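First up is the structure itself, then whatever we jot down about it.
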Amino acid sequence: MNNGKNLILNFLFLETALELVPKEIRTHSSVKKDAKRRRKKPSKIILDDSKHHTAMRILDKKEKRGRPDIIHQCLLSLLDNPFRDYFRVYIHTFDNKIIWINSQTRLPRNYNRFIGLMEDLFEKKVIKTDNLKLLEILDADLDTLLKNIDPPVVILMREKGKKDSLEKYLEANAVIAIGAFPHGDFEDKTLNILGRYNLVEISFGEKPCTSLYITNKVAIICENFITKSKPL
């Protein structure tokens, strides 16, 4: 077993519905109205289905986009975890950006403040406080990230996965991948990249589960695994 903080588990949120408003709809009235109200350019605001629903009708794969509230909830839950020192946290966005989040970061609990923080991040590429990096958009895509992590196993939480024990696949530096989009399945491109590694697909049951439920359940299983793996 690995001891102390050498026992790191990587949480990777996949195809996260977090992106800036795409070019195709920046001139739509609902987007322009929202941007004007917030005194920002349409190109600088986060796509949000609750505000930009009519504009999003023309977007490709619109059913998977514009739900930043999903990752907000998942991150609040994960970063509240008392075992977060053992977690590395990454976000893979719908448009293939990679965001690293310091596990000590205290994200805004208010949704609007979270959106403001994400907009700052997309503009500045890094958020710091007292010279400590809290969030950063990495110069990497999904494949590059996984190459750099070099995990012994990638565990994909997927409805189509096998009904099996997650804990038996956990080990130091493993990647636990969770979808953070509202509808649909993972893209073939994403699955092909994951398939280049030691990929295991796990399901928690027959019925679809929300990203938040999966995050919470996975975190509890990881807590138990870390507790057993730590020295007495």
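Numbering starts fresh at 1 for the residues of each chain in the structure tokens, the chains themselves are lettered A, B, ... in the order given, and ligands are numbered from 1 as they appear.
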
Against stretch 181-192 of chain A, which residues of stretch 47-94 of chain A fall within 8 Å? For each one I want the closest pair of atoms and the distance in Å (one decimal), counting only C-alpha atoms, rows by chain and increasing residue number, as JSON lines.
{"residue": "A:Glu63", "atom": "CA", "partner": "A:His183", "partner_atom": "CA", "distance": 5.9}
{"residue": "A:Lys64", "atom": "CA", "partner": "A:Phe181", "partner_atom": "CA", "distance": 5.4}
{"residue": "A:Arg65", "atom": "CA", "partner": "A:Phe181", "partner_atom": "CA", "distance": 6.8}
{"residue": "A:Arg67", "atom": "CA", "partner": "A:Phe181", "partner_atom": "CA", "distance": 6.9}
{"residue": "A:Ile70", "atom": "CA", "partner": "A:Phe181", "partner_atom": "CA", "distance": 7.0}

TODO: Find the residues near stretch 198-208 of chain A: any atom within 6 Å, counting only C-alpha atoms, skip ones fewer than 2 places away on the same chain, and give them as an MDAnalysis selection string.
DONE: chainID A and resid 153:159 161:163 195

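Atom CA of A:Thr129 to atom CA of A:Pro68 spans 23.3 Å [interatomic distance, one decimal].
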
Closest-contact table, stretch 44-113 of chain A side, partner stretch 22-36 of chain A, 9 Å, counting only C-alpha atoms, as JSON lines:
{"residue": "A:Lys44", "atom": "CA", "partner": "A:Ala35", "partner_atom": "CA", "distance": 8.2}
{"residue": "A:Ile45", "atom": "CA", "partner": "A:Ala35", "partner_atom": "CA", "distance": 6.9}
{"residue": "A:Leu47", "atom": "CA", "partner": "A:Pro22", "partner_atom": "CA", "distance": 7.8}
{"residue": "A:Lys51", "atom": "CA", "partner": "A:Ser30", "partner_atom": "CA", "distance": 7.1}
{"residue": "A:His52", "atom": "CA", "partner": "A:Ser30", "partner_atom": "CA", "distance": 5.7}
{"residue": "A:His53", "atom": "CA", "partner": "A:Ser30", "partner_atom": "CA", "distance": 8.2}
{"residue": "A:Thr54", "atom": "CA", "partner": "A:Ser30", "partner_atom": "CA", "distance": 7.3}
{"residue": "A:Ala55", "atom": "CA", "partner": "A:Ile25", "partner_atom": "CA", "distance": 6.0}
{"residue": "A:Met56", "atom": "CA", "partner": "A:Ile25", "partner_atom": "CA", "distance": 7.2}
{"residue": "A:Ile58", "atom": "CA", "partner": "A:Ile25", "partner_atom": "CA", "distance": 8.1}
{"residue": "A:Leu59", "atom": "CA", "partner": "A:Glu24", "partner_atom": "CA", "distance": 7.6}

Task: Who sits within 12 Å of stretch 74-85 of chain A, only C-alpha atoms, same chain under 5 positions skipped, as a PyMOL selection string - done: chain A and resi 4-13+16+68-69+90-91+100-111+114+178-181+210-227+230

- [ ] Report the distance between atom CA of A:Asp139 and atom CA of A:Glu19 in Å, rounded to one decimal place.
- [x] 16.2 Å

- [ ] Tell me which protein, DNA and RNA residues are within 9 Å of A:Pro152, counting only C-alpha atoms, leaving out same-chain ones fewer than 2 positions away, and put them as a list in words.
- [x] Asp150, Val154, Glu171, Ala172, Asn173, Ala174, Val175, Tyr197 and Asn198 of chain A

For those residues, write N, CA and C atoms to a file as a tab-separated table (two decimals), in the first residue's frame.
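Printed below is selection.tsv as written:
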chain	number	residue	atom	x	y	z
A	150	ASP	N	-0.03	9.62	-16.55
A	150	ASP	CA	0.44	8.24	-16.70
A	150	ASP	C	-0.21	7.33	-15.65
A	154	VAL	N	-7.56	3.92	-15.79
A	154	VAL	CA	-8.57	4.97	-15.94
A	154	VAL	C	-9.92	4.31	-15.70
A	171	GLU	N	-6.13	2.43	-7.13
A	171	GLU	CA	-4.74	2.38	-6.70
A	171	GLU	C	-4.14	3.76	-6.87
A	172	ALA	N	-2.96	3.96	-6.32
A	172	ALA	CA	-2.33	5.28	-6.36
A	172	ALA	C	-2.21	5.77	-7.79
A	173	ASN	N	-2.57	7.04	-7.98
A	173	ASN	CA	-2.49	7.75	-9.26
A	173	ASN	C	-3.53	7.30	-10.27
A	174	ALA	N	-4.51	6.53	-9.84
A	174	ALA	CA	-5.61	6.17	-10.73
A	174	ALA	C	-6.39	7.41	-11.14
A	175	VAL	N	-6.99	7.36	-12.31
A	175	VAL	CA	-7.89	8.42	-12.77
A	175	VAL	C	-9.32	7.91	-12.68
A	197	TYR	N	-5.51	3.92	-22.78
A	197	TYR	CA	-4.96	3.66	-21.45
A	197	TYR	C	-5.63	2.41	-20.88
A	198	ASN	N	-5.30	2.05	-19.69
A	198	ASN	CA	-5.89	0.86	-19.07
A	198	ASN	C	-7.29	1.24	-18.59

Task: helix (DSSP H, G or I) per DSSP on the backbone: members of stretch 66-218 of chain A, as JSON, numbers by chain - done: {"A": [68, 69, 70, 71, 72, 73, 74, 75, 76, 77, 78, 79, 84, 85, 86, 111, 112, 113, 114, 115, 116, 117, 118, 119, 120, 121, 122, 123, 124, 142, 143, 144, 145, 146, 147, 148, 149, 167, 168, 169, 188, 189, 190, 191, 192, 193, 194, 211, 212, 213, 214, 215, 216, 217, 218]}

TODO: Taking the chain letters and numbering used in this document, name the residues of stretch 77-210 of chain A that DSSP puts in strand (DSSP E), as a PyMOL selection string.
DONE: chain A and resi 87-93+98-101+126-129+132-138+154-163+175-179+199-203

Dump of C-alpha atoms for the selected residues, as an mmCIF file, in the first residue's frame:
data_model
loop_
_atom_site.group_PDB
_atom_site.id
_atom_site.type_symbol
_atom_site.label_atom_id
_atom_site.label_comp_id
_atom_site.auth_asym_id
_atom_site.auth_seq_id
_atom_site.Cartn_x
_atom_site.Cartn_y
_atom_site.Cartn_z
ATOM 1 C CA PHE A 87 -7.301 14.352 -4.701
ATOM 2 C CA ARG A 88 -6.110 16.004 -7.882
ATOM 3 C CA VAL A 89 -8.980 17.627 -9.743
ATOM 4 C CA TYR A 90 -9.229 18.276 -13.476
ATOM 5 C CA ILE A 91 -12.005 19.495 -15.742
ATOM 6 C CA HIS A 92 -12.139 18.497 -19.406
ATOM 7 C CA THR A 93 -14.562 20.884 -21.119
ATOM 8 C CA ILE A 98 -8.274 21.224 -19.527
ATOM 9 C CA ILE A 99 -8.666 23.056 -16.219
ATOM 10 C CA TRP A 100 -6.663 22.141 -13.132
ATOM 11 C CA ILE A 101 -8.145 23.032 -9.744
ATOM 12 C CA VAL A 126 -4.830 31.337 -14.239
ATOM 13 C CA ILE A 127 -6.306 32.488 -10.911
ATOM 14 C CA LYS A 128 -3.915 33.132 -8.033
ATOM 15 C CA THR A 129 -4.058 34.427 -4.492
ATOM 16 C CA LEU A 132 -0.724 30.410 -4.846
ATOM 17 C CA LYS A 133 -2.332 28.985 -7.987
ATOM 18 C CA LEU A 134 -5.963 28.107 -7.396
ATOM 19 C CA LEU A 135 -7.155 27.359 -10.919
ATOM 20 C CA GLU A 136 -5.398 27.155 -14.265
ATOM 21 C CA ILE A 137 -6.256 26.380 -17.872
ATOM 22 C CA LEU A 138 -3.486 24.010 -18.863
ATOM 23 C CA VAL A 154 -8.574 4.972 -15.936
ATOM 24 C CA ILE A 155 -11.926 4.200 -14.317
ATOM 25 C CA LEU A 156 -14.791 5.621 -16.347
ATOM 26 C CA MET A 157 -18.101 5.933 -14.552
ATOM 27 C CA ARG A 158 -20.598 5.097 -17.283
ATOM 28 C CA GLU A 159 -24.169 3.865 -17.412
ATOM 29 C CA LYS A 160 -23.114 1.273 -19.999
ATOM 30 C CA GLY A 161 -20.265 0.040 -17.805
ATOM 31 C CA LYS A 162 -20.173 -3.211 -15.889
ATOM 32 C CA LYS A 163 -21.736 -3.596 -12.463
ATOM 33 C CA VAL A 175 -7.894 8.423 -12.773
ATOM 34 C CA ILE A 176 -11.602 8.383 -11.945
ATOM 35 C CA ALA A 177 -13.498 9.914 -14.869
ATOM 36 C CA ILE A 178 -17.025 11.283 -14.463
ATOM 37 C CA GLY A 179 -19.202 12.902 -17.121
ATOM 38 C CA LEU A 199 -9.607 1.642 -19.224
ATOM 39 C CA VAL A 200 -12.278 0.106 -17.003
ATOM 40 C CA GLU A 201 -15.937 1.147 -17.300
ATOM 41 C CA ILE A 202 -18.014 0.924 -14.119
ATOM 42 C CA SER A 203 -21.734 1.491 -13.561
#
